[in-house]
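Dumped upload.cif below, it's mmCIF, C-alpha atoms:
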data_input
loop_
_atom_site.label_atom_id
_atom_site.label_comp_id
_atom_site.auth_asym_id
_atom_site.auth_seq_id
_atom_site.Cartn_x
_atom_site.Cartn_y
_atom_site.Cartn_z
CA MET Y 1 111.13 109.84 23.13
CA LYS Y 2 107.48 110.38 24.03
CA ALA Y 3 105.67 107.86 26.21
CA SER Y 4 103.09 107.34 23.46
CA SER Y 5 105.87 106.45 21.01
CA VAL Y 6 107.29 103.91 23.48
CA VAL Y 7 103.86 102.31 23.88
CA LYS Y 8 103.42 102.06 20.12
CA ILE Y 9 106.88 100.50 19.69
CA VAL Y 10 106.17 97.94 22.42
CA LEU Y 11 102.86 97.02 20.79
CA PHE Y 12 104.52 96.51 17.40
CA LEU Y 13 107.25 94.37 18.97
CA LEU Y 14 104.65 92.29 20.80
CA MET Y 15 102.85 91.69 17.51
CA LEU Y 16 106.16 90.63 15.96
CA ILE Y 17 106.84 88.21 18.81
CA GLY Y 18 103.29 86.82 18.57
CA ALA Y 19 103.65 86.20 14.85
CA HIS Y 20 106.90 84.32 15.47
CA VAL Y 21 105.28 82.23 18.22
CA LEU Y 22 102.64 81.18 15.70
CA PHE Y 23 105.33 80.27 13.19
CA GLY Y 24 107.22 78.37 15.90
CA LEU Y 25 104.12 76.26 16.46
CA THR Y 26 104.01 75.69 12.70
CA CYS Y 27 107.63 74.46 12.75
CA ASN Y 28 106.64 72.13 15.57
CA ARG Y 29 103.82 70.76 13.42
CA PHE Y 30 106.23 70.37 10.52
CA GLN Y 31 108.52 68.36 12.77
CA ASN Y 32 105.86 66.16 14.37
CA GLN Y 33 103.72 65.70 11.25
CA TYR Y 34 106.43 65.46 8.60
CA GLU Y 35 104.80 62.32 7.15
CA VAL Y 36 101.86 64.49 6.04
CA LEU Y 37 104.04 65.83 3.21
CA PHE Y 38 104.10 62.32 1.75
CA THR Y 39 100.31 62.04 1.71
CA GLN Y 40 97.28 63.69 0.14
CA GLY Y 41 94.07 65.20 1.42
CA LYS Y 42 92.95 67.43 4.28
CA PRO Y 43 95.96 66.95 6.64
CA LEU Y 44 98.31 68.15 3.91
CA LEU Y 45 96.02 71.11 3.13
CA ASP Y 46 95.83 72.07 6.82
CA LEU Y 47 99.62 71.98 7.17
CA ALA Y 48 100.02 74.06 4.00
CA LEU Y 49 97.55 76.69 5.25
CA TRP Y 50 99.30 76.87 8.63
CA THR Y 51 102.68 77.20 6.95
CA PHE Y 52 101.85 79.83 4.35
CA GLY Y 53 99.56 81.76 6.69
CA SER Y 54 102.12 82.04 9.51
CA ILE Y 55 104.98 82.85 7.11
CA LEU Y 56 103.03 85.64 5.42
CA LEU Y 57 101.96 87.00 8.82
CA VAL Y 58 105.60 87.18 9.98
CA ALA Y 59 106.55 88.87 6.70
CA LEU Y 60 103.75 91.42 7.14
CA ILE Y 61 104.50 92.30 10.78
CA GLY Y 62 108.25 92.14 10.17
CA GLY Y 63 107.89 94.62 7.33
CA LEU Y 64 105.88 97.00 9.50
CA VAL Y 65 108.43 96.85 12.31
CA ALA Y 66 111.37 97.42 9.94
CA ALA Y 67 109.56 100.36 8.35
CA LEU Y 68 108.24 102.14 11.44
CA VAL Y 69 110.23 101.21 14.55
CA ARG Y 70 113.37 103.22 15.31
CA PRO Y 71 116.21 103.17 16.27
CA PHE Y 72 117.74 100.14 14.60
CA TRP Y 73 118.88 98.48 17.82
CA VAL Y 74 115.26 98.31 18.98
CA VAL Y 75 114.31 96.54 15.75
CA ALA Y 76 117.21 94.12 16.24
CA LEU Y 77 116.08 93.51 19.83
CA GLY Y 78 112.57 92.81 18.60
CA PHE Y 79 113.78 90.19 16.15
CA PHE Y 80 116.04 88.67 18.83
CA LEU Y 81 113.11 88.27 21.24
CA SER Y 82 110.99 86.95 18.37
CA ALA Y 83 113.58 84.33 17.42
CA LEU Y 84 113.80 83.29 21.07
CA ALA Y 85 110.02 82.98 21.33
CA LEU Y 86 109.95 81.06 18.06
CA VAL Y 87 112.44 78.44 19.17
CA LEU Y 88 110.68 78.03 22.53
CA ALA Y 89 107.32 77.48 20.78
CA TRP Y 90 108.99 75.10 18.33
CA GLY Y 91 110.90 73.08 20.92
CA PHE Y 92 114.48 73.89 21.81
CA ASN Y 93 117.35 71.60 20.83
CA LEU Y 94 120.75 72.08 19.25
CA TYR Y 95 119.45 71.98 15.67
CA SER Y 96 116.44 74.24 16.19
CA GLY Y 97 118.66 76.65 18.14
CA VAL Y 98 121.19 76.86 15.31
CA ALA Y 99 118.39 77.29 12.74
CA ALA Y 100 116.84 80.08 14.81
CA LEU Y 101 120.22 81.80 15.14
CA ILE Y 102 120.73 81.71 11.36
CA TYR Y 103 117.22 83.08 10.90
CA LEU Y 104 117.95 85.87 13.41
CA LEU Y 105 120.98 86.98 11.40
CA ILE Y 106 118.90 86.94 8.20
CA ALA Y 107 116.08 88.91 9.85
CA ILE Y 108 118.46 91.56 11.20
CA LEU Y 109 120.07 91.87 7.76
CA PHE Y 110 116.58 92.27 6.26
CA ALA Y 111 115.70 95.03 8.72
CA ASN Y 112 119.03 96.81 8.17
CA ASP Y 113 118.57 96.75 4.39
CA VAL Y 114 115.02 98.09 4.65
CA ILE Y 115 116.07 100.93 6.95
CA HIS Y 116 119.04 101.80 4.74
CA GLU Y 117 116.90 101.89 1.60
CA MET Y 118 114.24 104.02 3.29
CA LYS Y 119 116.84 106.59 4.34
CA ASN Y 120 117.74 107.04 0.67
CA GLN Y 121 114.15 107.81 -0.32
CA LEU Y 122 112.73 111.30 -0.59
CA ALA Y 123 109.23 110.13 0.43
CA PHE Y 124 107.95 107.15 2.39
CA SER Y 125 107.29 104.07 0.29
CA THR Y 126 106.81 100.35 0.95
CA ARG Y 127 109.02 99.48 -2.01
CA PRO Y 128 112.13 98.71 0.12
CA ILE Y 129 110.06 96.20 2.11
CA GLN Y 130 108.82 94.57 -1.08
CA VAL Y 131 112.35 94.34 -2.48
CA GLU Y 132 114.04 93.02 0.67
CA GLN Y 133 111.14 90.79 1.75
CA LYS Y 134 112.53 87.84 -0.21
CA LEU Y 135 115.41 87.69 2.28
CA LEU Y 136 113.04 87.30 5.22
CA LEU Y 137 110.96 84.70 3.36
CA LEU Y 138 114.13 82.75 2.65
CA GLY Y 139 114.90 82.61 6.37
CA LEU Y 140 111.37 81.45 7.22
CA ALA Y 141 111.46 78.75 4.53
CA LEU Y 142 114.80 77.62 5.95
CA LEU Y 143 113.21 77.13 9.37
CA ALA Y 144 110.35 75.09 7.90
CA GLY Y 145 112.82 72.90 6.01
CA ALA Y 146 114.78 72.39 9.24
CA GLY Y 147 111.58 71.35 11.02
CA PHE Y 148 110.89 68.72 8.37
CA ALA Y 149 114.48 67.44 8.53
CA LEU Y 150 114.36 67.10 12.33
CA GLY Y 151 111.04 65.25 12.19
CA TYR Y 152 112.26 62.94 9.43
CA ARG Y 153 115.45 62.20 11.37
CA ALA Y 154 113.48 61.37 14.52
CA GLY Y 155 111.12 59.19 12.47
CA ILE Y 156 114.02 57.14 11.11
CA GLU Y 157 115.43 56.64 14.60
CA ARG Y 158 112.00 55.65 15.92
CA SER Y 159 110.85 53.26 13.20
CA GLY Y 160 114.10 52.24 11.52
CA SER Y 161 112.45 52.87 8.14
CA PHE Y 162 113.75 55.46 5.69
CA ILE Y 163 110.53 55.69 3.67
CA PRO Y 164 107.35 56.67 5.58
CA ALA Y 165 104.76 53.88 5.65
CA ALA Y 166 102.05 56.30 4.45
CA TYR Y 167 104.05 57.08 1.29
CA LYS Y 168 104.65 53.39 0.59
CA GLN Y 169 100.95 52.69 0.95
CA ILE Y 170 99.99 55.47 -1.46
CA ILE Y 171 102.39 54.20 -4.14
CA ILE Y 172 101.26 50.57 -3.71
CA THR Y 173 97.58 51.58 -3.80
CA VAL Y 174 98.02 53.60 -7.01
CA ILE Y 175 99.93 50.81 -8.75
CA THR Y 176 97.54 48.10 -7.54
CA ARG Y 177 94.51 50.06 -8.71
CA SER Y 178 96.02 50.58 -12.15
CA VAL Y 179 97.10 46.94 -12.54
CA LYS Y 180 93.73 45.65 -11.30
CA SER Y 181 91.91 47.79 -13.87
CA GLN Y 182 94.10 46.40 -16.65
CA LEU Y 183 93.70 42.78 -15.51
CA GLU Y 184 89.92 43.05 -15.20
CA SER Y 185 89.73 44.42 -18.72
CA GLN Y 186 91.20 41.13 -19.95
CA THR Y 187 88.24 38.77 -20.31
CA GLY Y 188 90.41 35.65 -20.10
CA LEU Y 189 91.19 36.15 -16.40
CA GLY Y 190 88.86 35.19 -13.57
CA ALA Y 191 88.52 36.81 -10.16
CA ALA Y 192 90.80 34.24 -8.52
CA GLU Y 193 93.54 34.84 -11.05
CA VAL Y 194 93.26 38.60 -10.67
CA ASN Y 195 93.54 38.34 -6.87
CA MET Y 196 96.56 36.05 -7.20
CA ALA Y 197 98.27 38.51 -9.52
CA LEU Y 198 97.57 41.39 -7.13
CA GLN Y 199 99.00 39.44 -4.18
CA GLN Y 200 102.15 38.76 -6.16
CA LEU Y 201 102.33 42.45 -7.04
CA GLN Y 202 102.12 43.48 -3.38
CA GLN Y 203 104.79 40.96 -2.42
CA GLY Y 204 107.00 42.32 -5.18
CA ALA Y 205 106.39 45.89 -3.97
CA GLU Y 206 107.38 44.96 -0.42
CA LYS Y 207 110.59 43.36 -1.69
CA PHE Y 208 111.28 46.50 -3.75
CA TRP Y 209 110.90 48.79 -0.72
CA THR Y 210 113.13 46.51 1.36
CA GLU Y 211 115.83 46.55 -1.29
CA PHE Y 212 115.46 50.29 -1.80
CA GLU Y 213 115.89 51.00 1.91
CA ARG Y 214 118.93 48.70 1.98
CA MET Y 215 120.46 50.88 -0.74
CA LEU Y 216 119.66 54.05 1.22
CA LYS Y 217 121.10 52.79 4.52
CA PRO Y 218 124.68 54.09 3.93
CA TYR Y 219 123.26 57.57 3.37
CA ALA Y 220 120.92 57.53 6.39
CA PRO Y 221 122.73 60.30 8.33
CA TYR Y 222 122.45 62.70 5.40
CA LEU Y 223 119.00 61.78 4.04
CA PRO Y 224 116.91 63.96 6.42
CA PHE Y 225 118.95 67.05 5.60
CA VAL Y 226 118.88 66.37 1.86
CA LEU Y 227 115.09 66.04 1.94
CA GLY Y 228 114.88 69.06 4.27
CA ALA Y 229 116.83 71.08 1.68
CA LEU Y 230 114.37 69.86 -0.98
CA VAL Y 231 111.41 70.97 1.16
CA PHE Y 232 113.12 74.35 1.68
CA TRP Y 233 113.61 74.76 -2.07
CA MET Y 234 110.00 73.81 -2.86
CA LEU Y 235 108.64 76.14 -0.18
CA GLU Y 236 110.88 79.00 -1.29
CA THR Y 237 109.67 78.52 -4.87
CA LEU Y 238 105.99 78.45 -3.86
CA LEU Y 239 106.39 81.52 -1.66
CA GLY Y 240 107.46 83.40 -4.76
CA PHE Y 241 103.88 83.10 -6.02
CA VAL Y 242 102.28 84.55 -2.85
CA ALA Y 243 104.96 87.04 -1.76
CA TRP Y 244 102.80 89.86 -3.15
CA ILE Y 245 100.21 89.38 -0.39
CA PRO Y 246 102.15 91.10 2.46
CA SER Y 247 103.10 93.93 0.10
CA LEU Y 248 99.48 94.43 -0.90
CA LEU Y 249 98.33 94.41 2.72
CA LEU Y 250 101.06 96.88 3.68
CA SER Y 251 99.85 99.26 0.98
CA GLY Y 252 96.48 99.32 2.71
CA ILE Y 253 97.64 99.20 6.34
CA ILE Y 254 100.08 102.14 6.17
CA PRO Y 255 97.41 104.69 5.11
CA LEU Y 256 95.09 103.24 7.76
CA LEU Y 257 97.73 103.74 10.47
CA LYS Y 258 98.15 107.34 9.32
CA ALA Y 259 94.39 107.89 9.34
CA VAL Y 260 93.93 106.69 12.92
CA GLY Y 261 96.95 108.63 14.18
CA VAL Y 262 99.31 105.75 14.91
CA THR Y 263 101.85 107.24 12.51
CA HIS Y 264 102.35 110.68 11.01
CA GLU Y 265 104.62 112.24 8.44
CA VAL Y 266 107.51 114.57 9.22
CA VAL Y 267 109.65 116.60 6.85
CA GLU Y 268 113.42 116.28 7.25
CA THR Y 269 116.09 118.55 5.80
CA ARG Y 270 119.47 117.12 4.92
CA GLU Y 271 122.83 118.58 4.13
CA ALA Y 272 124.41 117.42 0.90
CA ARG Y 273 128.09 117.75 -0.03
CA ARG Y 274 128.86 118.09 -3.71
CA LEU Y 275 132.04 118.60 -5.67
CA VAL Y 276 131.76 121.55 -8.09
CA LEU Y 277 134.00 123.82 -10.19
CA GLU Y 278 133.49 127.40 -9.01
#
What would you get if you wrote out this structure as structure tokens?
Amino acid sequence: MKASSVVKIVLFLLMLIGAHVLFGLTCNRFQNQYEVLFTQGKPLLDLALWTFGSILLVALIGGLVAALVRPFWVVALGFFLSALALVLAWGFNLYSGVAALIYLLIAILFANDVIHEMKNQLAFSTRPIQVEQKLLLLGLALLAGAGFALGYRAGIERSGSFIPAAYKQIIITVITRSVKSQLESQTGLGAAEVNMALQQLQQGAEKFWTEFERMLKPYAPYLPFVLGALVFWMLETLLGFVAWIPSLLLSGIIPLLKAVGVTHEVVETREARRLVLE
């Protein structure tokens, strides 16, 4: 293998590792800011942009590596180093380590499928990446869901509350605002009566949350993972609407790489065995 080819492969693998480091930091944010998913506004938007941006970047670079880097064991090594960098950026523990290992197996399977499909093509095409990309996105969504579950679990242990305080406050505020509007529209009630009714409403809401958490207590060990699975499902569904972005970018990047001389086309001849009557 030429020295220039080795340099190019190393650069692509470094880009893959860098993309995974960014996603590892996103998983760390998911874990430490899990309560943001129960709120509204700019913090939720920032977390969403970090999540979708880093996932799509990994999908883009991962697709390029699977399409261009050879042999297969080098691609597998690249994803192994990337998974290791990801879990270090995220924060290593038993659960994040297991999640990263599962992701590594999914990523290697993705790369193997892409390479296999490309070998069966007569001309280079990004179609195998587009088809198999959903497997890689599934693995990335799984990691994000695991980050949420770990953060939620730590939050329960820290506060002893199963429902985040921010979520409770949002629900109480929405209900209070609605009830206050209805009470004020009734001309027979004065300000003192309205305030009294709202205080009783808040007391009732606090009793409801207390009773609700008492009902959830037997399921406390499983609740973070159930909600983490729900986050995974929601993220996987939403990624289906933006999965076209890496494919579109690849369609533009591949010709650009050919134009600047990073890649070039070669013609291969193959032997074919056929069964005939002669």
I need the residue set behind the PyMOL selection byres ((chain Y and resi 119-135) around 8) for this file; please write it as a PyMOL selection string. chain Y and resi 59+63+67+106-107+110+113-118+136-139+243-244+247+250-251
Could you jot down the atom CA of Gly160 of chain Y to atom CA of Thr173 of chain Y separation for me, Å, one decimal place? 22.5 Å
Which polymer residues have any atom within 12 Å of an atom of segment 252-265 of chain Y, counting all atoms listed in the file, with same-chain residues fewer than 2 positions away left out, as a compact mmCIF listing (two decimals) with C-alpha atoms, in the coordinates of the input?
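Okay, this is what ended up in result24.txt:
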# COMPACT_ATOMS: atom_id res chain seq x y z
CA SER Y 4 103.09 107.34 23.46
CA SER Y 5 105.87 106.45 21.01
CA VAL Y 6 107.29 103.91 23.48
CA VAL Y 7 103.86 102.31 23.88
CA LYS Y 8 103.42 102.06 20.12
CA ILE Y 9 106.88 100.50 19.69
CA LEU Y 11 102.86 97.02 20.79
CA PHE Y 12 104.52 96.51 17.40
CA LEU Y 60 103.75 91.42 7.14
CA ILE Y 61 104.50 92.30 10.78
CA GLY Y 63 107.89 94.62 7.33
CA LEU Y 64 105.88 97.00 9.50
CA VAL Y 65 108.43 96.85 12.31
CA ALA Y 67 109.56 100.36 8.35
CA LEU Y 68 108.24 102.14 11.44
CA VAL Y 69 110.23 101.21 14.55
CA ALA Y 123 109.23 110.13 0.43
CA PHE Y 124 107.95 107.15 2.39
CA SER Y 125 107.29 104.07 0.29
CA THR Y 126 106.81 100.35 0.95
CA ILE Y 245 100.21 89.38 -0.39
CA PRO Y 246 102.15 91.10 2.46
CA SER Y 247 103.10 93.93 0.10
CA LEU Y 248 99.48 94.43 -0.90
CA LEU Y 249 98.33 94.41 2.72
CA LEU Y 250 101.06 96.88 3.68
CA VAL Y 267 109.65 116.60 6.85
CA GLU Y 268 113.42 116.28 7.25
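Atom CA of Val75 of chain Y sits 7.9 Å away from atom CA of Ile108 of chain Y.
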Carefully work through the PyMOL selection byres ((chain Y and resi 223-225) around 10) for this structure and note down the residues it includes, as a PyMOL selection string. chain Y and resi 145-146+148-156+162+216-222+226-231
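Proximity to Leu198 of chain Y at 8 Å, evaluated using all atoms listed in the file and with sequence-adjacent residues fewer than 3 positions away removed, yields Thr176, Val179, Lys180, Val194, Asn195, Leu201 and Gln202 of chain Y.
Counting from atom CA of Lys168 of chain Y, the distance to atom CA of Glu211 of chain Y is 13.2 Å.
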Name all residues at most 8 Å from Trp90 of chain Y (count all atoms listed in the file; drop same-chain ones fewer than 4 positions away) and give them as an MDAnalysis selection string. chainID Y and resid 24:28 86 96
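Restricting the calculation to all atoms listed in the file, the smallest distance between Leu57 of chain Y and any of Y:Ile17, Y:Val87, Y:Ala100, Y:Ile170 is found for Y:Ile17.
Minimum distance to Ala66 of chain Y across Y:Gln40, Y:Asn112, Y:Thr51, Y:Ser181 (counting only C-alpha atoms) occurs at Y:Asn112.
Nearest to Leu104 of chain Y of all the residues Y:Gly91, Y:Gly41, Y:Gly62, Y:Pro71 is Y:Gly62, based on all atoms listed in the file.
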Give, as lines of an AutoDock Vina configuration file, the centre coordinates and the x, y and z edge lengths in Å to one decimal for an axis-aligned box around all listed atoms of segment 257-265 of chain Y, padded by 3 Å on each side.
center_x = 99.3
center_y = 108.0
center_z = 11.7
size_x = 16.7
size_y = 14.5
size_z = 12.5
For a quick check of understanding, using all atoms listed in the file, which of Y:Ala192, Y:Leu143, Y:Ala89, Y:Ala166 has the smallest distance to Ile102 of chain Y? Y:Leu143
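Selection check: the PyMOL selection byres ((chain Y and resi 37) around 10) on the shown file gives Phe30, Gln33, Tyr34, Glu35, Val36, Phe38, Thr39, Gln40, Pro43, Leu44, Leu45, Leu47, Ala48, Phe148, Ala166, Tyr167 and Val231 of chain Y.
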Can you work out which one of Y:Ala76, Y:Ser82, Y:Gly147, Y:Trp50 has the shortest atom-to-atom distance to Gly18 of chain Y, counting all atoms listed in the file? Y:Ser82
Closest of Y:Arg29, Y:Leu13, Y:Met196, Y:Ala141 to Asp46 of chain Y - atom-to-atom distances counting all atoms listed in the file: Y:Arg29
All residues 8 Å or closer to Ala19 of chain Y, only C-alpha atoms, same chain fewer than 3 positions away omitted, as number ranges by chain: Y: 15-16, 22-23, 54, 57-58, 61
Because some atoms of segment 226-262 of chain Y are absent here, can you restore N, CA and C atoms and send them as a PDB file, in the coordinates of the input?
ATOM      1  N   VAL Y 226     119.068  66.235   3.304  1.00  0.00           N
ATOM      2  CA  VAL Y 226     118.880  66.370   1.860  1.00  0.00           C
ATOM      3  C   VAL Y 226     117.417  66.628   1.543  1.00  0.00           C
ATOM      4  N   LEU Y 227     116.524  65.849   2.170  1.00  0.00           N
ATOM      5  CA  LEU Y 227     115.090  66.040   1.940  1.00  0.00           C
ATOM      6  C   LEU Y 227     114.616  67.362   2.551  1.00  0.00           C
ATOM      7  N   GLY Y 228     115.221  67.761   3.688  1.00  0.00           N
ATOM      8  CA  GLY Y 228     114.880  69.060   4.270  1.00  0.00           C
ATOM      9  C   GLY Y 228     115.255  70.198   3.335  1.00  0.00           C
ATOM     10  N   ALA Y 229     116.413  70.069   2.662  1.00  0.00           N
ATOM     11  CA  ALA Y 229     116.830  71.080   1.680  1.00  0.00           C
ATOM     12  C   ALA Y 229     115.857  71.103   0.498  1.00  0.00           C
ATOM     13  N   LEU Y 230     115.351  69.928   0.116  1.00  0.00           N
ATOM     14  CA  LEU Y 230     114.370  69.860  -0.980  1.00  0.00           C
ATOM     15  C   LEU Y 230     113.070  70.544  -0.579  1.00  0.00           C
ATOM     16  N   VAL Y 231     112.621  70.305   0.661  1.00  0.00           N
ATOM     17  CA  VAL Y 231     111.410  70.970   1.160  1.00  0.00           C
ATOM     18  C   VAL Y 231     111.611  72.487   1.194  1.00  0.00           C
ATOM     19  N   PHE Y 232     112.790  72.911   1.656  1.00  0.00           N
ATOM     20  CA  PHE Y 232     113.120  74.350   1.680  1.00  0.00           C
ATOM     21  C   PHE Y 232     113.036  74.942   0.282  1.00  0.00           C
ATOM     22  N   TRP Y 233     113.617  74.254  -0.696  1.00  0.00           N
ATOM     23  CA  TRP Y 233     113.610  74.760  -2.070  1.00  0.00           C
ATOM     24  C   TRP Y 233     112.186  74.843  -2.623  1.00  0.00           C
ATOM     25  N   MET Y 234     111.387  73.816  -2.377  1.00  0.00           N
ATOM     26  CA  MET Y 234     110.000  73.810  -2.860  1.00  0.00           C
ATOM     27  C   MET Y 234     109.205  74.935  -2.210  1.00  0.00           C
ATOM     28  N   LEU Y 235     109.378  75.108  -0.896  1.00  0.00           N
ATOM     29  CA  LEU Y 235     108.640  76.140  -0.180  1.00  0.00           C
ATOM     30  C   LEU Y 235     109.072  77.532  -0.634  1.00  0.00           C
ATOM     31  N   GLU Y 236     110.366  77.717  -0.814  1.00  0.00           N
ATOM     32  CA  GLU Y 236     110.880  79.000  -1.290  1.00  0.00           C
ATOM     33  C   GLU Y 236     110.327  79.327  -2.670  1.00  0.00           C
ATOM     34  N   THR Y 237     110.224  78.315  -3.523  1.00  0.00           N
ATOM     35  CA  THR Y 237     109.670  78.520  -4.870  1.00  0.00           C
ATOM     36  C   THR Y 237     108.197  78.890  -4.801  1.00  0.00           C
ATOM     37  N   LEU Y 238     107.428  78.177  -3.975  1.00  0.00           N
ATOM     38  CA  LEU Y 238     105.990  78.450  -3.860  1.00  0.00           C
ATOM     39  C   LEU Y 238     105.725  79.811  -3.224  1.00  0.00           C
ATOM     40  N   LEU Y 239     106.573  80.211  -2.293  1.00  0.00           N
ATOM     41  CA  LEU Y 239     106.390  81.520  -1.660  1.00  0.00           C
ATOM     42  C   LEU Y 239     106.552  82.654  -2.667  1.00  0.00           C
ATOM     43  N   GLY Y 240     107.313  82.389  -3.727  1.00  0.00           N
ATOM     44  CA  GLY Y 240     107.460  83.400  -4.760  1.00  0.00           C
ATOM     45  C   GLY Y 240     106.150  83.772  -5.422  1.00  0.00           C
ATOM     46  N   PHE Y 241     105.173  82.848  -5.386  1.00  0.00           N
ATOM     47  CA  PHE Y 241     103.880  83.100  -6.020  1.00  0.00           C
ATOM     48  C   PHE Y 241     102.911  83.851  -5.104  1.00  0.00           C
ATOM     49  N   VAL Y 242     103.199  83.882  -3.790  1.00  0.00           N
ATOM     50  CA  VAL Y 242     102.280  84.550  -2.850  1.00  0.00           C
ATOM     51  C   VAL Y 242     102.964  85.688  -2.108  1.00  0.00           C
ATOM     52  N   ALA Y 243     104.216  85.997  -2.471  1.00  0.00           N
ATOM     53  CA  ALA Y 243     104.960  87.040  -1.760  1.00  0.00           C
ATOM     54  C   ALA Y 243     104.325  88.424  -1.940  1.00  0.00           C
ATOM     55  N   TRP Y 244     103.446  88.575  -2.920  1.00  0.00           N
ATOM     56  CA  TRP Y 244     102.800  89.860  -3.150  1.00  0.00           C
ATOM     57  C   TRP Y 244     101.745  90.184  -2.092  1.00  0.00           C
ATOM     58  N   ILE Y 245     101.299  89.165  -1.346  1.00  0.00           N
ATOM     59  CA  ILE Y 245     100.210  89.380  -0.390  1.00  0.00           C
ATOM     60  C   ILE Y 245     100.621  90.332   0.734  1.00  0.00           C
ATOM     61  N   PRO Y 246     101.765  90.126   1.430  1.00  0.00           N
ATOM     62  CA  PRO Y 246     102.150  91.100   2.460  1.00  0.00           C
ATOM     63  C   PRO Y 246     102.327  92.514   1.905  1.00  0.00           C
ATOM     64  N   SER Y 247     102.893  92.613   0.703  1.00  0.00           N
ATOM     65  CA  SER Y 247     103.100  93.930   0.100  1.00  0.00           C
ATOM     66  C   SER Y 247     101.768  94.625  -0.163  1.00  0.00           C
ATOM     67  N   LEU Y 248     100.794  93.858  -0.648  1.00  0.00           N
ATOM     68  CA  LEU Y 248      99.480  94.430  -0.900  1.00  0.00           C
ATOM     69  C   LEU Y 248      98.816  94.878   0.396  1.00  0.00           C
ATOM     70  N   LEU Y 249      98.935  94.056   1.430  1.00  0.00           N
ATOM     71  CA  LEU Y 249      98.330  94.410   2.720  1.00  0.00           C
ATOM     72  C   LEU Y 249      99.013  95.636   3.321  1.00  0.00           C
ATOM     73  N   LEU Y 250     100.338  95.717   3.165  1.00  0.00           N
ATOM     74  CA  LEU Y 250     101.060  96.880   3.680  1.00  0.00           C
ATOM     75  C   LEU Y 250     100.581  98.169   3.007  1.00  0.00           C
ATOM     76  N   SER Y 251     100.311  98.081   1.720  1.00  0.00           N
ATOM     77  CA  SER Y 251      99.850  99.260   0.980  1.00  0.00           C
ATOM     78  C   SER Y 251      98.533  99.788   1.519  1.00  0.00           C
ATOM     79  N   GLY Y 252      97.737  98.886   2.115  1.00  0.00           N
ATOM     80  CA  GLY Y 252      96.480  99.320   2.710  1.00  0.00           C
ATOM     81  C   GLY Y 252      96.598  99.658   4.186  1.00  0.00           C
ATOM     82  N   ILE Y 253      97.507  98.984   4.895  1.00  0.00           N
ATOM     83  CA  ILE Y 253      97.640  99.200   6.340  1.00  0.00           C
ATOM     84  C   ILE Y 253      98.313 100.525   6.654  1.00  0.00           C
ATOM     85  N   ILE Y 254      99.353 100.897   5.884  1.00  0.00           N
ATOM     86  CA  ILE Y 254     100.080 102.140   6.170  1.00  0.00           C
ATOM     87  C   ILE Y 254      99.161 103.358   6.133  1.00  0.00           C
ATOM     88  N   PRO Y 255      98.341 103.548   5.083  1.00  0.00           N
ATOM     89  CA  PRO Y 255      97.410 104.690   5.110  1.00  0.00           C
ATOM     90  C   PRO Y 255      96.416 104.617   6.261  1.00  0.00           C
ATOM     91  N   LEU Y 256      96.021 103.395   6.634  1.00  0.00           N
ATOM     92  CA  LEU Y 256      95.090 103.240   7.760  1.00  0.00           C
ATOM     93  C   LEU Y 256      95.742 103.676   9.065  1.00  0.00           C
ATOM     94  N   LEU Y 257      97.012 103.327   9.259  1.00  0.00           N
ATOM     95  CA  LEU Y 257      97.730 103.740  10.470  1.00  0.00           C
ATOM     96  C   LEU Y 257      97.872 105.260  10.524  1.00  0.00           C
ATOM     97  N   LYS Y 258      98.073 105.874   9.362  1.00  0.00           N
ATOM     98  CA  LYS Y 258      98.150 107.340   9.320  1.00  0.00           C
ATOM     99  C   LYS Y 258      96.789 107.949   9.638  1.00  0.00           C
ATOM    100  N   ALA Y 259      95.729 107.332   9.140  1.00  0.00           N
ATOM    101  CA  ALA Y 259      94.390 107.890   9.340  1.00  0.00           C
ATOM    102  C   ALA Y 259      93.959 107.850  10.799  1.00  0.00           C
ATOM    103  N   VAL Y 260      94.350 106.811  11.517  1.00  0.00           N
ATOM    104  CA  VAL Y 260      93.930 106.690  12.920  1.00  0.00           C
ATOM    105  C   VAL Y 260      94.930 107.329  13.879  1.00  0.00           C
ATOM    106  N   GLY Y 261      96.020 107.897  13.355  1.00  0.00           N
ATOM    107  CA  GLY Y 261      96.950 108.630  14.180  1.00  0.00           C
ATOM    108  C   GLY Y 261      98.070 107.816  14.800  1.00  0.00           C
ATOM    109  N   VAL Y 262      98.210 106.566  14.386  1.00  0.00           N
ATOM    110  CA  VAL Y 262      99.310 105.750  14.910  1.00  0.00           C
ATOM    111  C   VAL Y 262     100.640 106.258  14.380  1.00  0.00           C
TER     112      VAL Y 262
END
